[in-house]
file structure.pdb (PDB, C-alpha atoms and all ligand atoms)
ATOM      1  CA  MET A 208     -24.574 163.001  68.627
ATOM      2  CA  LYS A 209     -25.164 160.438  71.378
ATOM      3  CA  LYS A 210     -24.712 156.821  70.350
ATOM      4  CA  TYR A 211     -27.257 154.722  72.241
ATOM      5  CA  GLN A 212     -26.046 151.376  73.583
ATOM      6  CA  PHE A 213     -28.071 148.170  73.323
ATOM      7  CA  ALA A 214     -27.323 144.432  73.467
ATOM      8  CA  VAL A 215     -28.774 140.956  73.525
ATOM      9  CA  ILE A 216     -27.791 138.674  76.400
ATOM     10  CA  GLY A 217     -27.981 134.886  76.343
ATOM     11  CA  HIS A 218     -25.919 131.712  76.565
ATOM     12  CA  PRO A 219     -24.834 130.328  74.152
ATOM     13  CA  ILE A 220     -25.443 133.116  71.688
ATOM     14  CA  VAL A 221     -23.108 132.536  68.728
ATOM     15  CA  HIS A 222     -25.823 132.053  66.106
ATOM     16  CA  SER A 223     -28.068 134.961  67.090
ATOM     17  CA  ILE A 224     -29.580 136.967  64.257
ATOM     18  CA  SER A 225     -30.705 139.644  66.762
ATOM     19  CA  PRO A 226     -27.911 142.157  65.909
ATOM     20  CA  PHE A 227     -28.928 142.037  62.232
ATOM     21  CA  VAL A 228     -32.621 142.584  63.063
ATOM     22  CA  HIS A 229     -32.110 145.335  65.645
ATOM     23  CA  ASN A 230     -29.436 147.234  63.715
ATOM     24  CA  ARG A 231     -31.822 147.324  60.737
ATOM     25  CA  LEU A 232     -34.675 148.565  62.954
ATOM     26  CA  PHE A 233     -32.423 151.350  64.325
ATOM     27  CA  GLU A 234     -31.320 152.259  60.773
ATOM     28  CA  ILE A 235     -34.915 152.515  59.475
ATOM     29  CA  VAL A 236     -35.844 155.155  62.072
ATOM     30  CA  LYS A 237     -32.344 156.771  61.984
ATOM     31  CA  VAL A 238     -31.503 156.110  65.627
ATOM     32  CA  ASN A 239     -27.737 156.233  66.193
ATOM     33  CA  ALA A 240     -27.185 153.043  68.211
ATOM     34  CA  GLU A 241     -24.751 150.218  68.760
ATOM     35  CA  TYR A 242     -26.176 146.712  69.391
ATOM     36  CA  LYS A 243     -23.818 144.103  70.855
ATOM     37  CA  MET A 244     -24.079 140.380  71.620
ATOM     38  CA  LEU A 245     -23.143 139.484  75.189
ATOM     39  CA  ASP A 246     -22.646 135.823  76.053
ATOM     40  CA  ILE A 247     -23.437 135.633  79.780
ATOM     41  CA  LYS A 248     -23.561 132.371  81.701
ATOM     42  CA  PRO A 249     -26.372 132.018  84.304
ATOM     43  CA  GLU A 250     -23.859 132.093  87.163
ATOM     44  CA  SER A 251     -22.423 135.406  85.836
ATOM     45  CA  LEU A 252     -25.745 137.218  85.441
ATOM     46  CA  GLU A 253     -25.711 139.002  88.813
ATOM     47  CA  TYR A 254     -22.128 140.140  88.316
ATOM     48  CA  SER A 255     -22.962 141.377  84.789
ATOM     49  CA  MET A 256     -25.763 143.673  85.968
ATOM     50  CA  GLY A 257     -23.226 146.488  86.506
ATOM     51  CA  ILE A 258     -22.518 146.565  82.759
ATOM     52  CA  LEU A 259     -26.129 145.867  81.735
ATOM     53  CA  ASN A 260     -27.364 148.831  83.802
ATOM     54  CA  THR A 261     -25.094 151.184  81.810
ATOM     55  CA  LEU A 262     -26.910 150.258  78.553
ATOM     56  CA  ASP A 263     -29.995 152.095  77.289
ATOM     57  CA  GLY A 264     -31.714 148.750  76.893
ATOM     58  CA  TYR A 265     -31.189 145.110  76.053
ATOM     59  CA  ASN A 266     -32.901 141.932  74.880
ATOM     60  CA  VAL A 267     -32.873 138.758  76.916
ATOM     61  CA  THR A 268     -32.867 135.256  75.506
ATOM     62  CA  ILE A 269     -32.345 131.678  76.729
ATOM     63  CA  PRO A 270     -31.524 130.987  79.582
ATOM     64  CA  HIS A 271     -32.067 134.376  81.285
ATOM     65  CA  LYS A 272     -35.715 135.255  80.571
ATOM     66  CA  TYR A 273     -36.762 134.209  84.078
ATOM     67  CA  GLY A 274     -33.531 134.782  86.025
ATOM     68  CA  ILE A 275     -33.201 138.447  84.982
ATOM     69  CA  ILE A 276     -36.429 139.319  86.845
ATOM     70  CA  ASN A 277     -34.581 139.134  90.206
ATOM     71  CA  PHE A 278     -32.258 141.961  89.176
ATOM     72  CA  LEU A 279     -34.738 144.468  87.691
ATOM     73  CA  ASP A 280     -36.433 147.393  89.470
ATOM     74  CA  ASP A 281     -39.831 146.653  87.929
ATOM     75  CA  ILE A 282     -41.576 144.485  85.317
ATOM     76  CA  SER A 283     -44.695 144.953  83.190
ATOM     77  CA  ASN A 284     -47.960 143.187  84.040
ATOM     78  CA  LYS A 285     -47.528 140.732  81.139
ATOM     79  CA  ALA A 286     -43.956 139.944  82.184
ATOM     80  CA  ARG A 287     -45.250 139.298  85.716
ATOM     81  CA  LEU A 288     -48.038 137.027  84.461
ATOM     82  CA  TYR A 289     -45.653 135.004  82.282
ATOM     83  CA  GLN A 290     -42.645 135.319  84.614
ATOM     84  CA  SER A 291     -40.620 136.054  81.484
ATOM     85  CA  VAL A 292     -38.680 139.127  80.329
ATOM     86  CA  ASN A 293     -37.151 139.488  76.867
ATOM     87  CA  THR A 294     -36.745 143.281  76.710
ATOM     88  CA  VAL A 295     -35.293 145.653  79.312
ATOM     89  CA  LYS A 296     -35.398 149.451  79.196
ATOM     90  CA  ASN A 297     -33.067 151.432  81.444
ATOM     91  CA  VAL A 298     -34.394 154.871  82.253
ATOM     92  CA  GLY A 299     -32.741 155.613  85.585
ATOM     93  CA  ARG A 300     -34.398 152.395  86.722
ATOM     94  CA  SER A 301     -34.517 149.044  84.902
ATOM     95  CA  VAL A 302     -37.918 147.862  83.649
ATOM     96  CA  GLY A 303     -38.535 144.432  82.074
ATOM     97  CA  TYR A 304     -41.124 143.598  79.406
ATOM     98  CA  THR A 305     -42.070 140.583  77.323
ATOM     99  CA  THR A 306     -42.729 141.105  73.615
ATOM    100  CA  ASP A 307     -43.074 137.395  72.730
ATOM    101  CA  ALA A 308     -46.899 137.433  72.848
ATOM    102  CA  TYR A 309     -47.092 140.387  70.460
ATOM    103  CA  GLY A 310     -44.460 138.717  68.250
ATOM    104  CA  PHE A 311     -46.383 135.443  68.115
ATOM    105  CA  LEU A 312     -49.829 136.946  67.429
ATOM    106  CA  ASN A 313     -48.523 139.283  64.726
ATOM    107  CA  GLY A 314     -46.239 136.557  63.353
ATOM    108  CA  ILE A 315     -49.083 134.099  62.724
ATOM    109  CA  ASP A 316     -51.201 136.920  61.338
ATOM    110  CA  TYR A 317     -48.428 137.776  58.878
ATOM    111  CA  GLU A 318     -48.318 134.103  57.798
ATOM    112  CA  GLU A 319     -52.136 134.063  57.498
ATOM    113  CA  ILE A 320     -52.362 131.292  60.080
ATOM    114  CA  ASP A 321     -55.574 131.221  62.156
ATOM    115  CA  ALA A 322     -55.528 130.242  65.810
ATOM    116  CA  TYR A 323     -58.945 128.736  66.556
ATOM    117  CA  GLY A 324     -60.481 125.659  68.158
ATOM    118  CA  ARG A 325     -58.099 122.917  69.244
ATOM    119  CA  VAL A 326     -54.460 124.008  69.279
ATOM    120  CA  VAL A 327     -51.527 121.795  70.294
ATOM    121  CA  ILE A 328     -48.390 123.461  71.661
ATOM    122  CA  VAL A 329     -45.387 121.145  71.715
ATOM    123  CA  GLY A 330     -43.095 122.158  74.588
ATOM    124  CA  ALA A 331     -43.855 123.483  78.067
ATOM    125  CA  GLY A 332     -41.090 126.064  78.499
ATOM    126  CA  GLY A 333     -41.144 129.859  78.724
ATOM    127  CA  VAL A 334     -42.492 130.702  75.307
ATOM    128  CA  ALA A 335     -45.021 127.829  75.342
ATOM    129  CA  SER A 336     -46.479 129.402  78.493
ATOM    130  CA  VAL A 337     -46.804 132.828  76.857
ATOM    131  CA  ILE A 338     -48.480 131.402  73.751
ATOM    132  CA  ALA A 339     -50.766 129.081  75.742
ATOM    133  CA  HIS A 340     -52.128 131.986  77.833
ATOM    134  CA  GLU A 341     -52.629 134.181  74.750
ATOM    135  CA  LEU A 342     -54.477 131.423  72.863
ATOM    136  CA  ALA A 343     -56.620 130.526  75.874
ATOM    137  CA  GLU A 344     -57.600 134.238  75.991
ATOM    138  CA  LYS A 345     -58.754 133.802  72.390
ATOM    139  CA  ASN A 346     -60.960 130.880  73.507
ATOM    140  CA  CYS A 347     -58.801 128.202  71.893
ATOM    141  CA  GLU A 348     -58.741 124.738  73.448
ATOM    142  CA  VAL A 349     -55.077 124.382  74.418
ATOM    143  CA  VAL A 350     -53.255 121.041  74.576
ATOM    144  CA  ILE A 351     -49.677 121.097  75.884
ATOM    145  CA  ALA A 352     -47.604 118.194  74.544
ATOM    146  CA  ALA A 353     -44.313 117.544  76.336
ATOM    147  CA  ARG A 354     -41.599 114.912  76.556
ATOM    148  CA  ASP A 355     -41.256 112.876  79.766
ATOM    149  CA  SER A 356     -38.928 115.362  81.479
ATOM    150  CA  GLY A 357     -41.378 118.203  80.763
ATOM    151  CA  MET A 358     -44.593 116.610  82.108
ATOM    152  CA  LYS A 359     -44.376 118.423  85.458
ATOM    153  CA  LYS A 360     -43.970 121.790  83.710
ATOM    154  CA  ALA A 361     -46.874 120.904  81.386
ATOM    155  CA  ALA A 362     -49.124 120.127  84.381
ATOM    156  CA  THR A 363     -48.140 123.403  86.082
ATOM    157  CA  LEU A 364     -48.843 125.358  82.906
ATOM    158  CA  VAL A 365     -52.297 123.808  82.494
ATOM    159  CA  ARG A 366     -53.079 124.602  86.148
ATOM    160  CA  SER A 367     -52.010 128.217  85.631
ATOM    161  CA  LEU A 368     -54.239 128.515  82.542
ATOM    162  CA  LYS A 369     -57.244 127.206  84.444
ATOM    163  CA  GLU A 370     -56.548 129.461  87.454
ATOM    164  CA  ASN A 371     -56.283 132.548  85.242
ATOM    165  CA  MET A 372     -59.256 131.707  83.011
ATOM    166  CA  GLU A 373     -62.076 129.756  84.600
ATOM    167  CA  GLU A 374     -63.727 128.756  81.328
ATOM    168  CA  CYS A 375     -60.471 127.700  79.712
ATOM    169  CA  LYS A 376     -60.261 124.243  78.120
ATOM    170  CA  ALA A 377     -56.705 123.031  78.653
ATOM    171  CA  SER A 378     -54.979 119.663  79.003
ATOM    172  CA  PHE A 379     -51.565 118.074  78.592
ATOM    173  CA  CYS A 380     -50.195 114.850  77.131
ATOM    174  CA  LYS A 381     -46.985 113.210  75.983
ATOM    175  CA  ILE A 382     -45.840 114.232  72.510
ATOM    176  CA  GLU A 383     -46.348 110.688  71.212
ATOM    177  CA  ASP A 384     -49.935 110.692  72.574
ATOM    178  CA  ILE A 385     -51.210 113.748  70.644
ATOM    179  CA  SER A 386     -54.649 112.621  69.486
ATOM    180  CA  GLY A 387     -57.456 113.760  67.205
ATOM    181  CA  ASP A 388     -57.656 116.611  64.736
ATOM    182  CA  VAL A 389     -55.498 119.644  65.373
ATOM    183  CA  ASN A 390     -56.316 123.073  63.911
ATOM    184  CA  LEU A 391     -52.885 124.469  64.696
ATOM    185  CA  LEU A 392     -49.728 122.700  65.865
ATOM    186  CA  ILE A 393     -47.030 124.955  67.315
ATOM    187  CA  ASN A 394     -43.474 123.787  67.887
ATOM    188  CA  ALA A 395     -42.227 125.617  70.998
ATOM    189  CA  THR A 396     -39.116 123.447  71.450
ATOM    190  CA  PRO A 397     -35.660 123.824  69.900
ATOM    191  CA  VAL A 398     -36.110 120.548  67.975
ATOM    192  CA  GLY A 399     -35.160 121.037  64.298
ATOM    193  CA  MET A 400     -32.986 124.073  65.007
ATOM    194  CA  TYR A 401     -29.546 124.383  63.405
ATOM    195  CA  PRO A 402     -27.404 122.218  63.572
ATOM    196  CA  ASP A 403     -30.082 119.604  64.437
ATOM    197  CA  LYS A 404     -31.763 120.201  61.057
ATOM    198  CA  GLU A 405     -32.905 116.632  60.395
ATOM    199  CA  SER A 406     -35.049 116.283  63.541
ATOM    200  CA  SER A 407     -38.780 116.858  63.769
ATOM    201  CA  VAL A 408     -40.718 117.111  67.020
ATOM    202  CA  VAL A 409     -43.690 115.041  65.743
ATOM    203  CA  GLY A 410     -43.988 112.150  63.293
ATOM    204  CA  ASP A 411     -45.929 112.081  60.036
ATOM    205  CA  ASP A 412     -48.962 110.313  61.589
ATOM    206  CA  THR A 413     -49.556 113.255  63.926
ATOM    207  CA  LEU A 414     -48.663 115.836  61.298
ATOM    208  CA  LYS A 415     -51.243 114.522  58.837
ATOM    209  CA  ARG A 416     -53.982 115.312  61.395
ATOM    210  CA  CYS A 417     -52.938 118.995  61.576
ATOM    211  CA  ARG A 418     -54.558 121.761  59.509
ATOM    212  CA  GLN A 419     -51.801 124.341  60.132
ATOM    213  CA  VAL A 420     -48.287 124.350  61.607
ATOM    214  CA  TYR A 421     -46.246 127.220  63.063
ATOM    215  CA  ASP A 422     -42.677 126.360  64.073
ATOM    216  CA  LEU A 423     -41.046 128.905  66.379
ATOM    217  CA  VAL A 424     -37.665 127.732  65.106
ATOM    218  CA  TYR A 425     -36.454 130.089  62.348
ATOM    219  CA  ASN A 426     -32.982 128.686  61.628
ATOM    220  CA  PRO A 427     -33.213 126.908  59.210
ATOM    221  CA  TYR A 428     -35.870 129.113  57.608
ATOM    222  CA  GLU A 429     -37.894 125.976  56.820
ATOM    223  CA  THR A 430     -37.422 123.238  59.397
ATOM    224  CA  LYS A 431     -37.953 119.565  58.667
ATOM    225  CA  LEU A 432     -41.373 119.922  60.369
ATOM    226  CA  VAL A 433     -42.397 122.797  58.093
ATOM    227  CA  ARG A 434     -41.098 121.033  54.957
ATOM    228  CA  ALA A 435     -42.928 117.808  55.850
ATOM    229  CA  ALA A 436     -46.165 119.698  56.623
ATOM    230  CA  LYS A 437     -46.010 121.508  53.273
ATOM    231  CA  SER A 438     -45.393 118.204  51.477
ATOM    232  CA  PHE A 439     -48.758 117.014  52.914
ATOM    233  CA  GLY A 440     -50.479 120.185  51.698
ATOM    234  CA  ILE A 441     -50.683 121.662  55.231
ATOM    235  CA  LYS A 442     -50.292 125.424  55.688
ATOM    236  CA  ALA A 443     -47.003 125.834  57.563
ATOM    237  CA  ALA A 444     -44.448 128.510  58.418
ATOM    238  CA  GLY A 445     -41.315 128.984  60.519
ATOM    239  CA  GLY A 446     -40.837 131.525  63.322
ATOM    240  CA  LEU A 447     -39.012 134.324  61.513
ATOM    241  CA  SER A 448     -42.098 136.548  61.434
ATOM    242  CA  MET A 449     -42.450 136.190  65.225
ATOM    243  CA  LEU A 450     -38.786 137.057  65.704
ATOM    244  CA  VAL A 451     -39.136 140.274  63.719
ATOM    245  CA  TYR A 452     -42.428 141.364  65.320
ATOM    246  CA  GLN A 453     -41.169 140.791  68.870
ATOM    247  CA  ALA A 454     -38.152 142.958  67.972
ATOM    248  CA  VAL A 455     -40.412 145.673  66.527
ATOM    249  CA  LEU A 456     -42.270 145.971  69.840
ATOM    250  CA  ALA A 457     -38.945 146.152  71.723
ATOM    251  CA  HIS A 458     -38.056 149.286  69.688
ATOM    252  CA  LYS A 459     -41.434 150.812  70.394
ATOM    253  CA  ILE A 460     -40.743 150.271  74.108
ATOM    254  CA  TRP A 461     -37.188 151.659  73.892
ATOM    255  CA  ASP A 462     -37.822 154.845  71.914
ATOM    256  CA  GLY A 463     -41.396 154.884  70.615
ATOM    257  CA  SER A 464     -40.351 153.875  67.066
ATOM    258  CA  GLU A 465     -43.085 152.890  64.600
ATOM    259  CA  TYR A 466     -42.532 150.783  61.470
ATOM    260  CA  SER A 467     -44.627 150.453  58.327
ATOM    261  CA  ASP A 468     -45.932 147.067  57.183
ATOM    262  CA  SER A 469     -43.649 147.288  54.140
ATOM    263  CA  ASP A 470     -40.545 147.918  56.310
ATOM    264  CA  ILE A 471     -41.432 144.875  58.427
ATOM    265  CA  LYS A 472     -42.132 142.678  55.402
ATOM    266  CA  GLN A 473     -38.819 143.704  53.821
ATOM    267  CA  LEU A 474     -36.963 142.942  57.063
ATOM    268  CA  ILE A 475     -38.511 139.452  57.251
ATOM    269  CA  LEU A 476     -37.391 138.802  53.656
ATOM    270  CA  ASP A 477     -33.886 140.121  54.385
ATOM    271  CA  CYS A 478     -33.613 137.934  57.509
ATOM    272  CA  HIS A 479     -34.497 134.958  55.328
ATOM    273  CA  SER A 480     -31.550 135.731  53.000
ATOM    274  CA  GLN A 481     -29.312 136.329  56.009
ATOM    275  CA  ILE A 482     -30.218 132.912  57.466
ATOM    276  CA  ASP A 483     -29.558 131.229  54.120
ATOM    277  CA  ARG A 484     -26.072 132.814  54.230
ATOM    278  CA  GLY A 485     -25.500 131.422  57.756
ATOM    279  CA  PHE A 486     -25.640 134.835  59.527
ATOM    280  CA  GLU A 487     -22.362 136.006  57.926
TER     281      GLU A 487
HETATM  282  P1  LIG B 501     -37.324 126.798  77.140
HETATM  283  O1  LIG B 501     -37.990 127.583  78.202
HETATM  284  O2  LIG B 501     -35.937 126.277  77.348
HETATM  285  O3  LIG B 501     -38.300 125.540  76.786
HETATM  286  C1  LIG B 501     -37.926 124.585  75.843
HETATM  287  C2  LIG B 501     -38.989 123.501  75.809
HETATM  288  O4  LIG B 501     -38.602 122.585  74.785
HETATM  289  C3  LIG B 501     -39.095 122.706  77.105
HETATM  290  O5  LIG B 501     -40.443 122.331  77.285
HETATM  291  C4  LIG B 501     -38.245 121.471  76.791
HETATM  292  O6  LIG B 501     -38.625 120.313  77.501
HETATM  293  C5  LIG B 501     -38.587 121.279  75.333
HETATM  294  N1  LIG B 501     -37.590 120.460  74.639
HETATM  295  C6  LIG B 501     -36.265 120.712  74.527
HETATM  296  N2  LIG B 501     -35.677 119.746  73.800
HETATM  297  C7  LIG B 501     -36.656 118.863  73.469
HETATM  298  C8  LIG B 501     -36.679 117.637  72.749
HETATM  299  N3  LIG B 501     -35.566 117.131  72.211
HETATM  300  N4  LIG B 501     -37.859 117.000  72.594
HETATM  301  C9  LIG B 501     -38.990 117.510  73.136
HETATM  302  N5  LIG B 501     -39.042 118.657  73.844
HETATM  303  C10 LIG B 501     -37.882 119.324  74.007
HETATM  304  O7  LIG B 501     -37.248 127.635  75.772
HETATM  305  P2  LIG B 501     -38.282 128.716  75.203
HETATM  306  O8  LIG B 501     -37.827 130.067  75.570
HETATM  307  O9  LIG B 501     -39.647 128.299  75.575
HETATM  308  O10 LIG B 501     -38.036 128.571  73.617
HETATM  309  C11 LIG B 501     -38.446 127.407  72.926
HETATM  310  C12 LIG B 501     -38.052 127.511  71.452
HETATM  311  O11 LIG B 501     -38.737 128.612  70.849
HETATM  312  C13 LIG B 501     -36.562 127.767  71.233
HETATM  313  O12 LIG B 501     -36.139 127.013  70.116
HETATM  314  C14 LIG B 501     -36.479 129.243  70.895
HETATM  315  O13 LIG B 501     -35.387 129.541  70.047
HETATM  316  C15 LIG B 501     -37.805 129.431  70.154
HETATM  317  N6  LIG B 501     -38.270 130.818  70.240
HETATM  318  C16 LIG B 501     -38.502 131.474  69.055
HETATM  319  C17 LIG B 501     -38.946 132.770  69.092
HETATM  320  C18 LIG B 501     -39.199 133.487  67.794
HETATM  321  O14 LIG B 501     -39.272 134.724  67.813
HETATM  322  N7  LIG B 501     -39.356 132.789  66.689
HETATM  323  C19 LIG B 501     -39.166 133.436  70.305
HETATM  324  C20 LIG B 501     -38.938 132.737  71.493
HETATM  325  C21 LIG B 501     -38.482 131.428  71.449
HETATM  326  P3  LIG B 501     -37.949 119.904  78.926
HETATM  327  O15 LIG B 501     -38.599 120.767  79.958
HETATM  328  O16 LIG B 501     -38.316 118.474  79.035
HETATM  329  O17 LIG B 501     -36.481 120.144  78.793
END
call {"tool": "encode", "arguments": {"input": "structure.pdb", "output": "structure tokens"}}
result
Amino acid sequence: MKKYQFAVIGHPIVHSISPFVHNRLFEIVKVNAEYKMLDIKPESLEYSMGILNTLDGYNVTIPHKYGIINFLDDISNKARLYQSVNTVKNVGRSVGYTTDAYGFLNGIDYEEIDAYGRVVIVGAGGVASVIAHELAEKNCEVVIAARDSGMKKAATLVRSLKENMEECKASFCKIEDISGDVNLLINATPVGMYPDKESSVVGDDTLKRCRQVYDLVYNPYETKLVRAAKSFGIKAAGGLSMLVYQAVLAHKIWDGSEYSDSDIKQLILDCHSQIDRGFE
């Protein structure tokens, strides 16, 4: 029986939980596959395409989500819009997709978090752009909050939102200048991620004005931001649900696999235990 070959590429990639998630998703639908972790530096990406093109498919994480586009035969419309690829399928030709939007929307749904009205996204990188466009589509007012070095990216993102959606209400500010009431605050930066567990991207004064918080960071399972939000009685969750849902869509793209809600829920719970054990 053929053993299909998959991988995740990124740099650095030592703490990735992706092999655990994807191996479980292959097991559930009884696909005989091997899923490897490949640490590839940006300057080695072009050279690595020879190996990557021999795989049946692969996932792409930081810092290659944009750079990989140059080396693919085609990309989906969403990947083109967001200039971001996190899933590649090789079927004679290499095609790139992004499953982050699906992961985010299903992830917040799973956590019973509502995206409505004024939403603040902290960070102006790749995933912030995906989420900002999706929320603007849902008629949310989007505020991008960035640190000094990210202000240019924040301005570009807001311009792109307004160009793509005429009616869209979008603006940007410095993180320390987040003002007013916030229906949903999303952390789309690595702040708070292991080993930087004692950092939080916003202070308590800002947090207390938020109704809900979704932190894309999933290691630790509950970041300092999520713990602080909960201590103020704010509905808050980490990004594990998004991680699992974006992986689920990757499998659908690779081989048409479908998963039940109970399989997905169980996988999210098992990832939680895995994270608590430090991915061993
Ligand atoms: P990215 O393109 O590298 O963007 C990172 C953003 O974070 C940039 O705007 C960067 O600002 C900002 N940032 C970095 N360090 C910061 C700090 N100390 N203070 C304030 N802002 C800071 O990365 P990405 O792909 O968008 O991913 C962002 C985060 O989301 C990562 O932690 C990633 O692991 C997580 N993520 C989670 C999932 C999930 O499934 N849960 C999926 C995708 C991504 P500058 O431009 O100023 O550097």
call {"tool": "atom_distance", "arguments": {"input": "structure.pdb", "atom1": "CA of Asn260 (chain A)", "atom2": "CA of Asn284 (chain A)"}}
result
21.4 Å
call {"tool": "axis_aligned_box", "arguments": {"input": "structure.pdb", "around": "region 413-421 of chain A", "padding_each_side": "3 Å", "output": "AutoDock Vina command-line options"}}
result
--center_x -50.4 --center_y 120.2 --center_z 61.4 --size_x 14.3 --size_y 20.0 --size_z 11.1
call {"tool": "resolve_selection", "arguments": {"input": "structure.pdb", "expression": "the PyMOL selection byres (((chain A and resi 339) around 12) and not hetatm)", "output": "number ranges by chain"}}
result
A: 289, 307-308, 311-312, 322, 325-338, 340-352, 361, 364-369, 371-372, 375-379, 392-395
call {"tool": "atom_distance", "arguments": {"input": "structure.pdb", "atom1": "CA of Glu373 (chain A)", "atom2": "CA of Asp355 (chain A)"}}
result
27.2 Å
call {"tool": "closest_residue", "arguments": {"input": "structure.pdb", "among": "A:Gly324, A:Gly485, A:Gly314, A:Gly264", "to": "Leu423 (chain A)", "atoms": "all atoms listed in the file"}}
result
A:Gly314
call {"tool": "resolve_selection", "arguments": {"input": "structure.pdb", "expression": "the PyMOL selection byres (((chain A and resi 447) around 8) and not hetatm)", "output": "PDB file with C-alpha atoms, in the frame of the given file"}}
result
ATOM      1  CA  GLY A 314     -46.239 136.557  63.353  1.00  0.00           C
ATOM      2  CA  LEU A 423     -41.046 128.905  66.379  1.00  0.00           C
ATOM      3  CA  VAL A 424     -37.665 127.732  65.106  1.00  0.00           C
ATOM      4  CA  TYR A 425     -36.454 130.089  62.348  1.00  0.00           C
ATOM      5  CA  TYR A 428     -35.870 129.113  57.608  1.00  0.00           C
ATOM      6  CA  GLY A 445     -41.315 128.984  60.519  1.00  0.00           C
ATOM      7  CA  GLY A 446     -40.837 131.525  63.322  1.00  0.00           C
ATOM      8  CA  SER A 448     -42.098 136.548  61.434  1.00  0.00           C
ATOM      9  CA  MET A 449     -42.450 136.190  65.225  1.00  0.00           C
ATOM     10  CA  LEU A 450     -38.786 137.057  65.704  1.00  0.00           C
ATOM     11  CA  VAL A 451     -39.136 140.274  63.719  1.00  0.00           C
ATOM     12  CA  ILE A 475     -38.511 139.452  57.251  1.00  0.00           C
ATOM     13  CA  CYS A 478     -33.613 137.934  57.509  1.00  0.00           C
ATOM     14  CA  HIS A 479     -34.497 134.958  55.328  1.00  0.00           C
TER      15      HIS A 479
END
call {"tool": "closest_residue", "arguments": {"input": "structure.pdb", "among": "A:Asn277, A:Ser438, A:Gln453, A:Ser283", "to": "ligand LIG 501 (chain B)", "atoms": "only C-alpha atoms and all ligand atoms"}}
result
A:Gln453
call {"tool": "atom_distance", "arguments": {"input": "structure.pdb", "atom1": "CA of Leu474 (chain A)", "atom2": "CA of Ile216 (chain A)"}}
result
21.8 Å
call {"tool": "closest_residue", "arguments": {"input": "structure.pdb", "among": "A:Met400, A:Ile482, A:Leu245, A:Ala362", "to": "ligand LIG 501 (chain B)", "atoms": "only C-alpha atoms and all ligand atoms"}}
result
A:Met400
call {"tool": "residues_around", "arguments": {"input": "structure.pdb", "residues": "Arg300 (chain A)", "least_positions_apart": "6", "cutoff": "10 Å", "atoms": "only C-alpha atoms", "output": "JSON, numbers by chain"}}
result
{"A": [260, 279, 280, 281]}
call {"tool": "write_last_selection", "arguments": {"input": "structure.pdb", "atoms": "C-alpha atoms", "output": "PDB file, keeping the file's coordinate frame"}}
result
ATOM      1  CA  ASN A 260     -27.364 148.831  83.802  1.00  0.00           C
ATOM      2  CA  LEU A 279     -34.738 144.468  87.691  1.00  0.00           C
ATOM      3  CA  ASP A 280     -36.433 147.393  89.470  1.00  0.00           C
ATOM      4  CA  ASP A 281     -39.831 146.653  87.929  1.00  0.00           C
TER       5      ASP A 281
END
call {"tool": "resolve_selection", "arguments": {"input": "structure.pdb", "expression": "the PyMOL selection byres (((chain A and resi 460) around 12) and not hetatm)", "output": "PDB file with C-alpha atoms, in the coordinates of the input"}}
result
ATOM      1  CA  ASP A 263     -29.995 152.095  77.289  1.00  0.00           C
ATOM      2  CA  GLY A 264     -31.714 148.750  76.893  1.00  0.00           C
ATOM      3  CA  TYR A 265     -31.189 145.110  76.053  1.00  0.00           C
ATOM      4  CA  ASN A 266     -32.901 141.932  74.880  1.00  0.00           C
ATOM      5  CA  SER A 283     -44.695 144.953  83.190  1.00  0.00           C
ATOM      6  CA  ASN A 293     -37.151 139.488  76.867  1.00  0.00           C
ATOM      7  CA  THR A 294     -36.745 143.281  76.710  1.00  0.00           C
ATOM      8  CA  VAL A 295     -35.293 145.653  79.312  1.00  0.00           C
ATOM      9  CA  LYS A 296     -35.398 149.451  79.196  1.00  0.00           C
ATOM     10  CA  ASN A 297     -33.067 151.432  81.444  1.00  0.00           C
ATOM     11  CA  VAL A 298     -34.394 154.871  82.253  1.00  0.00           C
ATOM     12  CA  VAL A 302     -37.918 147.862  83.649  1.00  0.00           C
ATOM     13  CA  GLY A 303     -38.535 144.432  82.074  1.00  0.00           C
ATOM     14  CA  TYR A 304     -41.124 143.598  79.406  1.00  0.00           C
ATOM     15  CA  THR A 305     -42.070 140.583  77.323  1.00  0.00           C
ATOM     16  CA  THR A 306     -42.729 141.105  73.615  1.00  0.00           C
ATOM     17  CA  GLN A 453     -41.169 140.791  68.870  1.00  0.00           C
ATOM     18  CA  ALA A 454     -38.152 142.958  67.972  1.00  0.00           C
ATOM     19  CA  VAL A 455     -40.412 145.673  66.527  1.00  0.00           C
ATOM     20  CA  LEU A 456     -42.270 145.971  69.840  1.00  0.00           C
ATOM     21  CA  ALA A 457     -38.945 146.152  71.723  1.00  0.00           C
ATOM     22  CA  HIS A 458     -38.056 149.286  69.688  1.00  0.00           C
ATOM     23  CA  LYS A 459     -41.434 150.812  70.394  1.00  0.00           C
ATOM     24  CA  TRP A 461     -37.188 151.659  73.892  1.00  0.00           C
ATOM     25  CA  ASP A 462     -37.822 154.845  71.914  1.00  0.00           C
ATOM     26  CA  GLY A 463     -41.396 154.884  70.615  1.00  0.00           C
ATOM     27  CA  SER A 464     -40.351 153.875  67.066  1.00  0.00           C
ATOM     28  CA  GLU A 465     -43.085 152.890  64.600  1.00  0.00           C
TER      29      GLU A 465
END
call {"tool": "residues_near_point", "arguments": {"input": "structure.pdb", "point": "(-42.8, 123.5, 56.2)", "cutoff": "10 Å", "atoms": "only C-alpha atoms", "output": "VMD selection string"}}
result
chain A and resid 419 to 422 428 to 445
call {"tool": "closest_residue", "arguments": {"input": "structure.pdb", "among": "A:Tyr466, A:Tyr273, A:Tyr323, A:Tyr211", "to": "ligand LIG 501 (chain B)", "atoms": "all atoms listed in the file"}}
result
A:Tyr273
call {"tool": "closest_residue", "arguments": {"input": "structure.pdb", "among": "A:Asp483, A:Ile315, A:Val267, A:Ile471", "to": "Arg231 (chain A)", "atoms": "all atoms listed in the file"}}
result
A:Ile471
